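Source file: upload_19.tsv. Holds: TSV, C-alpha atoms and all ligand atoms.
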```tsv
chain	number	residue	atom	x	y	z
A	1	MET	CA	0.00	0.00	0.00
A	2	ALA	CA	1.37	3.42	-0.92
A	3	THR	CA	2.12	6.04	1.64
A	4	THR	CA	2.55	8.76	-0.99
A	5	PRO	CA	-0.24	11.34	-0.66
A	6	LEU	CA	-1.96	11.65	-4.03
A	7	GLU	CA	-3.65	14.74	-5.34
A	8	ILE	CA	-7.14	13.87	-6.60
A	9	TYR	CA	-8.63	16.03	-9.34
A	10	ASP	CA	-12.12	15.92	-7.91
A	11	PHE	CA	-15.03	17.18	-10.00
A	12	ALA	CA	-17.37	15.88	-7.23
A	13	PRO	CA	-19.65	14.04	-9.64
A	14	GLY	CA	-21.61	11.74	-7.31
A	15	VAL	CA	-24.49	9.92	-8.94
A	16	PRO	CA	-26.96	12.35	-10.49
A	17	SER	CA	-29.09	12.57	-7.37
A	18	ILE	CA	-31.45	15.06	-8.89
A	19	TYR	CA	-34.98	14.05	-8.13
A	20	GLU	CA	-36.31	15.51	-11.40
A	21	GLU	CA	-33.88	13.43	-13.49
A	22	VAL	CA	-34.91	10.20	-11.82
A	23	MET	CA	-38.61	11.04	-12.03
A	24	ALA	CA	-38.22	11.93	-15.73
A	25	GLY	CA	-36.82	8.41	-16.32
A	26	LEU	CA	-39.64	6.80	-14.35
A	27	ARG	CA	-42.28	8.77	-16.26
A	28	LYS	CA	-41.01	7.44	-19.62
A	29	THR	CA	-42.55	4.47	-21.42
A	30	PRO	CA	-40.84	2.13	-20.83
A	31	LYS	CA	-39.54	3.43	-17.50
A	32	GLU	CA	-35.76	3.70	-17.14
A	33	ILE	CA	-33.13	4.14	-14.42
A	34	SER	CA	-29.65	5.27	-15.53
A	35	ALA	CA	-26.83	2.71	-15.38
A	36	LEU	CA	-24.92	5.20	-13.21
A	37	TYR	CA	-27.18	4.32	-10.28
A	38	SER	CA	-25.51	0.91	-10.09
A	39	TYR	CA	-22.12	2.49	-9.36
A	40	ASP	CA	-22.20	3.70	-5.80
A	41	GLU	CA	-19.39	2.30	-3.63
A	42	ARG	CA	-21.20	-0.99	-3.07
A	43	GLY	CA	-21.98	-1.24	-6.79
A	44	ALA	CA	-18.34	-0.69	-7.76
A	45	HIS	CA	-17.37	-3.64	-5.52
A	46	LEU	CA	-20.21	-5.78	-6.87
A	47	PHE	CA	-18.91	-5.19	-10.39
A	48	GLU	CA	-15.48	-6.43	-9.30
A	49	ASP	CA	-17.22	-9.54	-7.92
A	50	ILE	CA	-19.00	-10.09	-11.25
A	51	CYS	CA	-15.61	-10.04	-12.99
A	52	ARG	CA	-14.47	-12.90	-10.76
A	53	GLN	CA	-17.43	-15.15	-11.66
A	54	PRO	CA	-16.64	-18.11	-13.95
A	55	GLU	CA	-19.45	-17.13	-16.35
A	56	TYR	CA	-18.02	-13.64	-16.90
A	57	TYR	CA	-15.68	-14.41	-19.77
A	58	LEU	CA	-15.22	-10.76	-20.76
A	59	GLY	CA	-12.67	-9.67	-18.16
A	60	ARG	CA	-10.42	-12.71	-18.13
A	61	THR	CA	-10.48	-13.07	-21.94
A	62	GLU	CA	-9.56	-9.42	-22.32
A	63	ILE	CA	-6.64	-9.77	-19.89
A	64	ALA	CA	-5.42	-12.90	-21.71
A	65	ILE	CA	-5.49	-11.06	-25.06
A	66	LEU	CA	-3.63	-8.09	-23.57
A	67	GLU	CA	-0.98	-10.35	-22.06
A	68	GLU	CA	-0.52	-12.26	-25.29
A	69	HIS	CA	-0.03	-9.17	-27.46
A	70	ILE	CA	1.48	-6.62	-25.12
A	71	ASP	CA	4.90	-6.87	-26.76
A	72	GLU	CA	3.44	-5.59	-30.03
A	73	LEU	CA	2.13	-2.58	-28.14
A	74	ALA	CA	5.46	-2.13	-26.38
A	75	ALA	CA	7.08	-1.82	-29.81
A	76	MET	CA	4.96	1.17	-30.76
A	77	PRO	CA	6.59	4.54	-31.43
A	78	GLY	CA	8.41	6.00	-28.46
A	79	GLY	CA	8.00	9.17	-26.51
A	80	ASP	CA	6.66	9.38	-23.01
A	81	ILE	CA	3.04	8.38	-22.71
A	82	ALA	CA	0.19	9.53	-20.49
A	83	LEU	CA	-2.12	6.53	-20.14
A	84	ILE	CA	-5.69	7.76	-19.61
A	85	GLU	CA	-8.31	5.24	-18.51
A	86	TYR	CA	-12.05	5.95	-18.58
A	87	GLY	CA	-13.97	4.09	-15.85
A	88	SER	CA	-10.81	2.70	-14.29
A	89	GLY	CA	-12.48	0.86	-11.36
A	90	SER	CA	-9.86	-1.32	-9.69
A	91	SER	CA	-7.35	-0.69	-12.54
A	92	ARG	CA	-6.78	-4.45	-12.60
A	93	LYS	CA	-6.25	-4.66	-16.37
A	94	THR	CA	-4.07	-1.57	-16.37
A	95	ARG	CA	-1.38	-3.46	-14.49
A	96	VAL	CA	-0.72	-5.55	-17.59
A	97	LEU	CA	0.08	-2.30	-19.43
A	98	LEU	CA	2.08	-0.73	-16.61
A	99	ASP	CA	4.14	-3.90	-16.15
A	100	ARG	CA	5.16	-4.10	-19.78
A	101	LEU	CA	5.00	-0.65	-21.38
A	102	PRO	CA	8.07	1.29	-20.26
A	103	GLN	CA	6.92	4.29	-22.30
A	104	VAL	CA	4.08	4.99	-19.86
A	105	ALA	CA	5.25	7.85	-17.65
A	106	ALA	CA	1.90	8.95	-16.24
A	107	TYR	CA	-1.36	7.21	-15.45
A	108	VAL	CA	-4.66	9.13	-15.32
A	109	PRO	CA	-7.48	6.93	-13.97
A	110	ILE	CA	-10.91	8.54	-14.32
A	111	ASP	CA	-13.83	7.19	-12.32
A	112	ILE	CA	-17.06	8.39	-10.76
A	113	SER	CA	-16.62	6.04	-7.81
A	114	LYS	CA	-14.25	7.95	-5.53
A	115	GLU	CA	-13.50	5.31	-2.89
A	116	MET	CA	-12.32	2.75	-5.43
A	117	LEU	CA	-10.45	5.40	-7.43
A	118	VAL	CA	-8.50	6.63	-4.41
A	119	GLN	CA	-7.69	3.10	-3.25
A	120	SER	CA	-6.51	1.76	-6.61
A	121	ALA	CA	-4.58	4.95	-7.48
A	122	ALA	CA	-2.71	4.74	-4.14
A	123	GLU	CA	-1.92	1.07	-4.71
A	124	LEU	CA	-0.54	1.75	-8.18
A	125	ALA	CA	1.53	4.72	-7.02
A	126	GLY	CA	3.07	2.45	-4.38
A	127	ARG	CA	3.74	-0.35	-6.81
A	128	TYR	CA	5.11	1.63	-9.77
A	129	ARG	CA	7.68	4.02	-8.34
A	130	GLY	CA	8.50	6.75	-10.81
A	131	LEU	CA	5.06	6.59	-12.41
A	132	SER	CA	3.12	9.81	-12.04
A	133	VAL	CA	-0.43	8.86	-10.95
A	134	LEU	CA	-3.02	11.61	-11.53
A	135	PRO	CA	-6.49	10.37	-10.50
A	136	VAL	CA	-9.57	12.23	-11.71
A	137	CYS	CA	-12.93	11.75	-9.97
A	138	ALA	CA	-15.47	12.77	-12.60
A	139	ASP	CA	-18.44	11.67	-14.64
A	140	TYR	CA	-16.74	11.39	-18.01
A	141	ASP	CA	-20.04	12.11	-19.75
A	142	GLN	CA	-20.11	15.55	-18.15
A	143	ALA	CA	-17.66	18.42	-18.51
A	144	PHE	CA	-14.29	17.72	-16.86
A	145	GLU	CA	-10.66	18.52	-17.59
A	146	LEU	CA	-7.54	16.40	-17.65
A	147	PRO	CA	-4.94	17.41	-15.03
A	148	PRO	CA	-2.68	20.17	-16.45
A	149	ALA	CA	0.39	17.93	-15.99
A	150	VAL	CA	-0.88	15.68	-18.80
A	151	SER	CA	0.21	18.29	-21.34
A	152	GLN	CA	3.90	17.65	-20.51
A	153	TYR	CA	3.80	14.12	-22.00
A	154	SER	CA	4.31	13.67	-25.71
A	155	ARG	CA	1.55	11.11	-26.37
A	156	ARG	CA	-1.83	10.23	-24.89
A	157	LEU	CA	-2.98	6.62	-24.90
A	158	PHE	CA	-6.66	6.24	-24.04
A	159	PHE	CA	-7.61	2.91	-22.46
A	160	TYR	CA	-11.27	1.89	-22.41
A	161	PRO	CA	-11.48	-1.79	-21.51
A	162	GLY	CA	-14.33	-4.06	-20.47
A	163	SER	CA	-16.49	-3.50	-23.57
A	164	THR	CA	-18.01	-0.58	-21.66
A	165	ILE	CA	-18.34	1.09	-25.07
A	166	GLY	CA	-21.08	-1.50	-25.75
A	167	ASN	CA	-23.32	0.17	-23.16
A	168	ARG	CA	-23.87	2.99	-25.63
A	169	MET	CA	-26.11	2.94	-28.69
A	170	PRO	CA	-23.88	2.78	-31.80
A	171	ASP	CA	-24.43	6.48	-32.69
A	172	ASP	CA	-23.61	7.53	-29.14
A	173	ALA	CA	-20.56	5.22	-29.15
A	174	GLY	CA	-19.36	7.05	-32.26
A	175	ALA	CA	-19.90	10.46	-30.65
A	176	PHE	CA	-18.07	9.31	-27.50
A	177	LEU	CA	-15.10	8.01	-29.53
A	178	ARG	CA	-14.99	11.32	-31.38
A	179	ARG	CA	-14.77	13.23	-28.08
A	180	MET	CA	-11.85	10.99	-27.07
A	181	ARG	CA	-10.25	11.61	-30.45
A	182	THR	CA	-10.49	15.37	-29.90
A	183	LEU	CA	-8.89	15.06	-26.45
A	184	CYS	CA	-6.06	12.82	-27.58
A	185	GLY	CA	-4.44	15.19	-30.11
A	186	SER	CA	-2.70	14.22	-33.34
A	187	GLU	CA	-0.18	11.82	-31.70
A	188	GLY	CA	-2.69	9.98	-29.55
A	189	ALA	CA	-3.92	6.39	-29.56
A	190	LEU	CA	-6.78	4.29	-28.24
A	191	LEU	CA	-6.73	0.78	-26.79
A	192	ILE	CA	-10.25	-0.52	-26.37
A	193	GLY	CA	-11.92	-3.79	-25.38
A	194	VAL	CA	-14.94	-4.77	-27.46
A	195	ASP	CA	-17.08	-7.85	-26.89
A	196	LEU	CA	-17.70	-9.76	-30.13
A	197	ARG	CA	-21.01	-10.61	-31.75
A	198	LYS	CA	-21.47	-14.38	-31.54
A	199	ASP	CA	-23.86	-17.17	-30.62
A	200	PRO	CA	-25.96	-15.74	-27.75
A	201	ALA	CA	-25.57	-19.06	-25.92
A	202	LEU	CA	-21.92	-18.05	-25.44
A	203	THR	CA	-22.76	-14.48	-24.43
A	204	LEU	CA	-25.75	-14.73	-22.11
A	205	PRO	CA	-24.28	-16.71	-19.17
A	206	ALA	CA	-22.09	-13.69	-18.41
A	207	TYR	CA	-25.26	-11.81	-17.40
A	208	ASP	CA	-26.65	-14.61	-15.24
A	209	ASP	CA	-23.93	-15.91	-12.92
A	210	ALA	CA	-24.86	-18.80	-10.65
A	211	ALA	CA	-23.75	-16.85	-7.56
A	212	GLY	CA	-26.40	-14.19	-8.27
A	213	ILE	CA	-24.01	-11.21	-8.32
A	214	SER	CA	-25.40	-9.76	-11.58
A	215	PRO	CA	-28.93	-9.48	-10.10
A	216	SER	CA	-27.53	-7.82	-6.95
A	217	PHE	CA	-25.59	-5.35	-9.10
A	218	ASN	CA	-28.65	-4.50	-11.19
A	219	LEU	CA	-31.01	-4.16	-8.19
A	220	ASN	CA	-28.39	-2.11	-6.34
A	221	ALA	CA	-29.74	0.85	-8.34
A	222	LEU	CA	-32.98	0.62	-6.32
A	223	SER	CA	-31.03	0.61	-3.02
A	224	CYS	CA	-29.16	3.63	-4.29
A	225	LEU	CA	-32.45	5.48	-4.98
A	226	ASN	CA	-33.78	4.47	-1.54
A	227	ARG	CA	-30.72	6.02	0.08
A	228	GLU	CA	-30.20	9.05	-2.18
A	229	LEU	CA	-33.80	10.05	-2.80
A	230	GLY	CA	-35.67	8.59	0.14
A	231	ALA	CA	-37.49	6.11	-2.13
A	232	ASP	CA	-39.14	3.00	-0.70
A	233	PHE	CA	-38.38	0.30	-3.29
A	234	ASP	CA	-38.77	-3.18	-1.77
A	235	LEU	CA	-36.03	-5.10	-3.64
A	236	ALA	CA	-37.75	-8.44	-3.06
A	237	ARG	CA	-40.63	-7.26	-5.25
A	238	PHE	CA	-38.39	-6.64	-8.28
A	239	GLN	CA	-36.14	-8.94	-10.28
A	240	HIS	CA	-33.15	-8.80	-12.62
A	241	HIS	CA	-34.01	-9.51	-16.26
A	242	PHE	CA	-31.92	-9.79	-19.43
A	243	CYS	CA	-32.42	-11.07	-22.97
A	244	TYR	CA	-30.56	-11.07	-26.28
A	245	ASN	CA	-31.93	-8.96	-29.13
A	246	GLU	CA	-30.62	-10.82	-32.19
A	247	ARG	CA	-31.60	-8.16	-34.71
A	248	GLU	CA	-29.77	-5.37	-32.83
A	249	GLY	CA	-26.92	-7.61	-31.62
A	250	ARG	CA	-27.26	-6.54	-28.00
A	251	VAL	CA	-28.04	-7.85	-24.55
A	252	GLU	CA	-30.91	-5.89	-22.99
A	253	ILE	CA	-30.80	-5.56	-19.21
A	254	SER	CA	-33.80	-4.47	-17.18
A	255	ILE	CA	-35.54	-4.76	-13.82
A	256	VAL	CA	-39.00	-6.31	-13.78
A	257	SER	CA	-41.70	-5.61	-11.23
A	258	ARG	CA	-42.84	-8.96	-9.81
A	259	GLU	CA	-46.30	-7.56	-9.02
A	260	LYS	CA	-48.59	-4.59	-9.38
A	261	GLN	CA	-47.31	-2.09	-6.81
A	262	VAL	CA	-46.70	1.52	-5.92
A	263	VAL	CA	-43.35	2.99	-4.86
A	264	HIS	CA	-42.80	6.50	-3.45
A	265	LEU	CA	-39.97	8.88	-4.25
A	266	GLN	CA	-40.00	11.72	-1.74
A	267	GLY	CA	-43.70	11.06	-1.30
A	268	THR	CA	-44.54	11.04	-5.03
A	269	PRO	CA	-46.18	7.74	-6.04
A	270	VAL	CA	-44.92	5.72	-9.03
A	271	TRP	CA	-47.07	2.78	-10.14
A	272	PHE	CA	-45.72	-0.47	-11.60
A	273	ASP	CA	-47.76	-3.17	-13.31
A	274	GLU	CA	-47.01	-6.83	-12.75
A	275	GLY	CA	-44.26	-7.78	-15.24
A	276	GLU	CA	-43.49	-4.13	-16.12
A	277	LYS	CA	-39.87	-3.55	-17.19
A	278	ILE	CA	-37.58	-0.74	-16.08
A	279	TRP	CA	-34.89	-0.39	-18.73
A	280	ARG	CA	-31.32	-0.34	-17.30
A	281	ALA	CA	-28.68	-0.92	-19.97
A	282	TYR	CA	-27.75	-2.31	-23.35
A	283	ALA	CA	-24.59	-4.30	-24.00
A	284	TYR	CA	-23.92	-4.13	-27.75
A	285	LYS	CA	-21.77	-6.81	-29.36
A	286	TYR	CA	-19.86	-5.98	-32.55
A	287	SER	CA	-17.93	-7.73	-35.27
A	288	VAL	CA	-14.37	-6.44	-35.54
A	289	THR	CA	-15.14	-4.75	-38.86
A	290	ASP	CA	-18.35	-3.13	-37.63
A	291	PHE	CA	-16.51	-1.62	-34.70
A	292	GLN	CA	-13.61	-0.48	-36.91
A	293	ARG	CA	-16.14	1.34	-39.09
A	294	ILE	CA	-17.66	3.17	-36.09
A	295	ALA	CA	-14.22	4.13	-34.78
A	296	GLY	CA	-13.06	5.08	-38.28
A	297	ASP	CA	-16.01	7.45	-38.66
A	298	ALA	CA	-14.98	8.99	-35.33
A	299	GLY	CA	-11.46	9.80	-36.59
A	300	TRP	CA	-9.53	6.69	-35.49
A	301	ARG	CA	-7.29	4.60	-37.75
A	302	SER	CA	-7.28	0.87	-37.00
A	303	GLU	CA	-3.77	-0.46	-36.36
A	304	ARG	CA	-4.44	-3.86	-34.75
A	305	ALA	CA	-7.40	-5.99	-33.70
A	306	TRP	CA	-6.58	-8.98	-31.51
A	307	THR	CA	-9.07	-11.70	-30.59
A	308	ASP	CA	-8.98	-14.91	-28.57
A	309	ASP	CA	-9.10	-18.34	-30.25
A	310	ARG	CA	-12.81	-18.75	-29.55
A	311	GLN	CA	-13.64	-15.32	-31.03
A	312	LEU	CA	-15.36	-14.22	-27.84
A	313	PHE	CA	-13.71	-10.85	-27.32
A	314	SER	CA	-11.47	-8.32	-29.08
A	315	VAL	CA	-8.89	-5.78	-28.01
A	316	GLN	CA	-8.43	-3.13	-30.67
A	317	TYR	CA	-5.71	-0.55	-31.10
A	318	PHE	CA	-6.25	2.69	-33.01
A	319	THR	CA	-4.20	5.80	-33.66
A	320	ALA	CA	-5.41	9.29	-34.46
A	321	ALA	CA	-6.27	9.36	-38.15
A	401	LIG	C1	-17.86	-1.77	-15.99
A	401	LIG	S1	-16.72	-1.07	-14.84
A	401	LIG	C2	-15.19	-1.28	-15.74
A	401	LIG	C3	-13.99	-1.25	-14.84
A	401	LIG	C4	-12.67	-1.54	-15.55
A	401	LIG	N1	-12.34	-0.49	-16.53
A	401	LIG	C5	-12.71	-2.89	-16.23
A	401	LIG	O1	-12.77	-2.96	-17.45
A	401	LIG	O2	-12.71	-3.89	-15.51
A	401	LIG	C6	-17.10	0.53	-15.07
A	401	LIG	C7	-16.34	1.51	-14.18
A	401	LIG	O3	-16.61	2.76	-14.75
A	401	LIG	C8	-17.09	3.65	-13.78
A	401	LIG	N2	-18.06	4.50	-14.48
A	401	LIG	C9	-19.23	4.12	-15.04
A	401	LIG	N3	-19.81	5.18	-15.64
A	401	LIG	C10	-18.97	6.24	-15.45
A	401	LIG	C11	-19.01	7.59	-15.84
A	401	LIG	N4	-20.02	8.08	-16.56
A	401	LIG	N5	-17.99	8.40	-15.50
A	401	LIG	C12	-16.95	7.92	-14.77
A	401	LIG	N6	-16.85	6.64	-14.37
A	401	LIG	C13	-17.85	5.81	-14.70
A	401	LIG	C14	-17.67	2.81	-12.66
A	401	LIG	O4	-17.60	3.45	-11.40
A	401	LIG	C15	-16.79	1.55	-12.74
A	401	LIG	O5	-15.67	1.65	-11.91
```

Translate the structure of the given file into structure tokens.
Ligand SMILES: C[S@@+](CC[C@H](N)C(=O)[O-])C[C@H]1O[C@@H](n2cnc3c(N)ncnc32)[C@H](O)[C@@H]1O
Amino acid sequence: MATTPLEIYDFAPGVPSIYEEVMAGLRKTPKEISALYSYDERGAHLFEDICRQPEYYLGRTEIAILEEHIDELAAMPGGDIALIEYGSGSSRKTRVLLDRLPQVAAYVPIDISKEMLVQSAAELAGRYRGLSVLPVCADYDQAFELPPAVSQYSRRLFFYPGSTIGNRMPDDAGAFLRRMRTLCGSEGALLIGVDLRKDPALTLPAYDDAAGISPSFNLNALSCLNRELGADFDLARFQHHFCYNEREGRVEISIVSREKQVVHLQGTPVWFDEGEKIWRAYAYKYSVTDFQRIAGDAGWRSERAWTDDRQLFSVQYFTAA
């Protein structure tokens, strides 16, 4: 554990605890609750637990691909690199890069979950002496700035693992990649994990682990609303639901009301029918070429696309076009 005090660039994001925002989602048809409500401190730890489940092939396959091909990345053009990770969580995968990419001089983890950010940044600063660790606590979908020190490094390498890009609709994914492209400058690069489109029988178990962590993670959003907005969701009366939409190539994750019921948010009633779905998240799956096209339209040039033998997952490397 590091003893070095770290400066946190804190944009104090929190979860959007604005009553009107939540109510606007619950007034929609179908109702929706933002994925951000799963990521309070407990949610961030639950996600780490999901990654350890045997059904969750995404994380371990991604790490295996990174480990297998890291030497190719290490051979990329020199200069000192600022490695910038969006949604860094425990920074577990980042260690593969930090262990083997001597060009990385600074690491900028960005996460909305402050406790995990502070803990993992301190651990990395202790482990990699000489690495400048510049943690940013921010919602990367809202306005925030990179620490000024980032400008002293000659290249920026954005790291966006976990197929988190798949949680966005394809148009939004393109817009997000374009914002990254703008931030990275003409010498920058992007290393991104993208789950592959395949037989749903291979994909779906990842969303339904036998230990029941995925349901806890999904329903954690209701606990979060109970705490943040004084709501009275009874979690036992809701359940985790997911299905594969073959036409769209995406897993659809929702919460279903087990019965007809009324819930109150700061005294305002919200009615649910039996079987009614609250939309939570999509997880889009892409072919390598489909994703290269989206990234290409956003200003990124494909350099490499690595996959595992079973074609479950891809790690793709782009440079600024
Ligand atoms: C799915 S986890 C991925 C963690 C890690 N990058 C990995 O691949 O294992 C998503 C992480 O992103 C963070 N996160 C989600 N949405 C965010 C946002 N809009 N802004 C900042 N962090 C966010 C969560 O707190 C969580 O730590």

Exercise for review: Find, counting only C-alpha atoms and all ligand atoms, the residue in A:Ala106, A:Leu46, A:Leu134, A:Val263 that gets nearest to ligand LIG 401 (chain A).
Suggested key: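 For ligand LIG 401 (chain A), the nearest of the given residues is A:Leu46.
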
Check your understanding: What gap, in Å, lies between atom CA of Phe11 of chain A and atom O4 of ligand LIG 401 (chain A)?
Key ->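 About the pair atom CA of Phe11 of chain A and atom O4 of ligand LIG 401 (chain A): they are 14.0 Å apart.
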
Counting all atoms listed in the file, give me one row per residue of chain A with an atom at most 9 Å from an atom of ligand LIG 401 (chain A), showing the shortest contact pair and its distance in Å to one decimal, sorted by chain then residue number, as CSV.
```
residue,atom,partner,partner_atom,distance
A:Pro13,CA,A:LIG401,N5,8.3
A:Ala35,CA,A:LIG401,N3,7.4
A:Leu36,CA,A:LIG401,N3,5.7
A:Ser38,CA,A:LIG401,O4,8.4
A:Tyr39,CA,A:LIG401,O4,5.1
A:Asp40,CA,A:LIG401,O4,7.3
A:Glu41,CA,A:LIG401,O4,8.1
A:Gly43,CA,A:LIG401,O4,7.9
A:Ala44,CA,A:LIG401,O5,5.5
A:His45,CA,A:LIG401,O5,8.5
A:Phe47,CA,A:LIG401,S1,6.4
A:Glu48,CA,A:LIG401,O2,7.3
A:Cys51,CA,A:LIG401,O2,7.3
A:Leu58,CA,A:LIG401,O1,8.8
A:Gly59,CA,A:LIG401,O2,6.4
A:Glu62,CA,A:LIG401,O1,8.7
A:Glu85,CA,A:LIG401,N1,7.3
A:Tyr86,CA,A:LIG401,N6,6.4
A:Gly87,CA,A:LIG401,O3,3.2
A:Ser88,CA,A:LIG401,N1,4.2
A:Gly89,CA,A:LIG401,O5,3.3
A:Ser90,CA,A:LIG401,C4,6.5
A:Ser91,CA,A:LIG401,C4,6.2
A:Arg92,CA,A:LIG401,O2,6.6
A:Lys93,CA,A:LIG401,O2,6.6
A:Thr94,CA,A:LIG401,N1,8.3
A:Ile110,CA,A:LIG401,C12,6.1
A:Asp111,CA,A:LIG401,N6,3.7
A:Ile112,CA,A:LIG401,N6,4.0
A:Ser113,CA,A:LIG401,O4,4.5
A:Lys114,CA,A:LIG401,O4,8.1
A:Met116,CA,A:LIG401,O5,7.4
A:Leu117,CA,A:LIG401,O5,7.8
A:Cys137,CA,A:LIG401,C12,7.3
A:Ala138,CA,A:LIG401,C12,5.5
A:Asp139,CA,A:LIG401,N5,3.4
A:Tyr140,CA,A:LIG401,N5,4.1
A:Asp141,CA,A:LIG401,N4,5.1
A:Gln142,CA,A:LIG401,N4,7.6
A:Phe159,CA,A:LIG401,N1,8.3
A:Tyr160,CA,A:LIG401,N1,6.4
A:Pro161,CA,A:LIG401,O1,4.4
A:Gly162,CA,A:LIG401,O1,3.6
A:Ser163,CA,A:LIG401,O1,7.2
A:Thr164,CA,A:LIG401,C1,5.8
A:Gly193,CA,A:LIG401,O1,8.0
```

Point to revise | Best match for closeness to Thr307 of chain A among A:Val270, A:Ile8, A:Glu67, A:Arg52, counting all atoms listed in the file | key: A:Glu67

Practice item. Skip Glu274 of chain A itself and residues of its chain fewer than 2 positions away, then list as a PyMOL selection string all residues within 9 Å of it, counting all atoms listed in the file. Key: chain A and resi 256-261+272+276

**Study point:** Pairwise distance for atom CA of Val315 of chain A and atom CA of Ala64 of chain A, rounded to one decimal in Å
**Key:**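 Atom CA of Val315 of chain A sits 10.1 Å away from atom CA of Ala64 of chain A.
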
For Leu229 of chain A, please output as a PDB file with C-alpha atoms, in the coordinates of the input all residues within 10 Å (counting all atoms listed in the file; exclusion window: fewer than 2 positions along the same chain).
```pdb
ATOM      1  CA  SER A  17     -29.090  12.570  -7.370  1.00  0.00           C
ATOM      2  CA  ILE A  18     -31.450  15.060  -8.890  1.00  0.00           C
ATOM      3  CA  TYR A  19     -34.980  14.050  -8.130  1.00  0.00           C
ATOM      4  CA  VAL A  22     -34.910  10.200 -11.820  1.00  0.00           C
ATOM      5  CA  SER A 223     -31.030   0.610  -3.020  1.00  0.00           C
ATOM      6  CA  CYS A 224     -29.160   3.630  -4.290  1.00  0.00           C
ATOM      7  CA  LEU A 225     -32.450   5.480  -4.980  1.00  0.00           C
ATOM      8  CA  ASN A 226     -33.780   4.470  -1.540  1.00  0.00           C
ATOM      9  CA  ARG A 227     -30.720   6.020   0.080  1.00  0.00           C
ATOM     10  CA  ALA A 231     -37.490   6.110  -2.130  1.00  0.00           C
ATOM     11  CA  ASP A 232     -39.140   3.000  -0.700  1.00  0.00           C
ATOM     12  CA  HIS A 264     -42.800   6.500  -3.450  1.00  0.00           C
ATOM     13  CA  LEU A 265     -39.970   8.880  -4.250  1.00  0.00           C
ATOM     14  CA  GLN A 266     -40.000  11.720  -1.740  1.00  0.00           C
TER      15      GLN A 266
END
```

Kindly compute an axis-aligned box around the listed atoms of segment 239-252 of chain A, allowing 4 Å on each side, and express its centre and edge lengths in Å to one decimal as lines of an AutoDock Vina configuration file.
```
center_x = -31.5
center_y = -8.2
center_z = -22.5
size_x = 17.2
size_y = 13.7
size_z = 32.4
```

Point to revise | Closest of A:Gln239, A:Gln292, A:Ser302, A:Ser132 to Ile84 of chain A - atom-to-atom distances counting all atoms listed in the file | key: A:Ser132

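Interatomic distance, atom CA of Phe238 of chain A to atom CA of Lys31 of chain A: 13.7 Å.
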
Review point. Leaving out segment 165-182 of chain A and any residue of its chain fewer than 2 positions from it, which residues lie within 7 Å of it when counting only C-alpha atoms, given as number ranges by chain?
Key: A: 163, 184-185, 281-285, 294-295, 298-299, 320

Point to revise | From A:Ala305, A:Val133, A:Met76, A:Leu196, residue lying nearest Gln103 of chain A [all atoms listed in the file] | key: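 Between A:Ala305, A:Val133, A:Met76, A:Leu196, the residue approaching Gln103 of chain A most closely is A:Met76.
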
Review point. So, counting only C-alpha atoms, which residue among A:Val96, A:Ala149, A:Ile63, A:Ala105 is closest to Gly130 of chain A?
Key: A:Ala105

Using all atoms listed in the file, tabulate the residues of segment 146-256 of chain A lying at most 8 Å from any atom of segment 308-313 of chain A, each with its closest atom pair and that distance in Å to one decimal, by chain and increasing residue number, as CSV.
```
residue,atom,partner,partner_atom,distance
A:Gly193,CA,A:Phe313,CA,7.5
A:Val194,CA,A:Phe313,CA,6.2
A:Asp195,CA,A:Phe313,CA,4.5
A:Leu196,CA,A:Phe313,CA,5.0
A:Arg197,CA,A:Leu312,CA,7.8
A:Lys198,CA,A:Leu312,CA,7.1
A:Leu202,CA,A:Leu312,CA,8.0
```

Practice item. Just give me the residues with any atom within 6 Å of (-29.4, -6.3, -13.7), file coordinates, counting all atoms listed in the file, written as a VMD selection string. Key: chain A and resid 214 to 215 218 240 253 to 254

Practice item. Point out the residue among A:Arg100, A:Arg60, A:Arg42, A:Arg156 with the least atom-to-atom distance to Leu83 of chain A, counting only C-alpha atoms. Key: A:Arg156

Review point. Taking (-20.7, -22.2, -19.9) in the file's coordinates, which residues come within 9 Å, counting all atoms listed in the file, written as an NGL selection string?
Key: :A and (54-55 or 201-202 or 205-206)
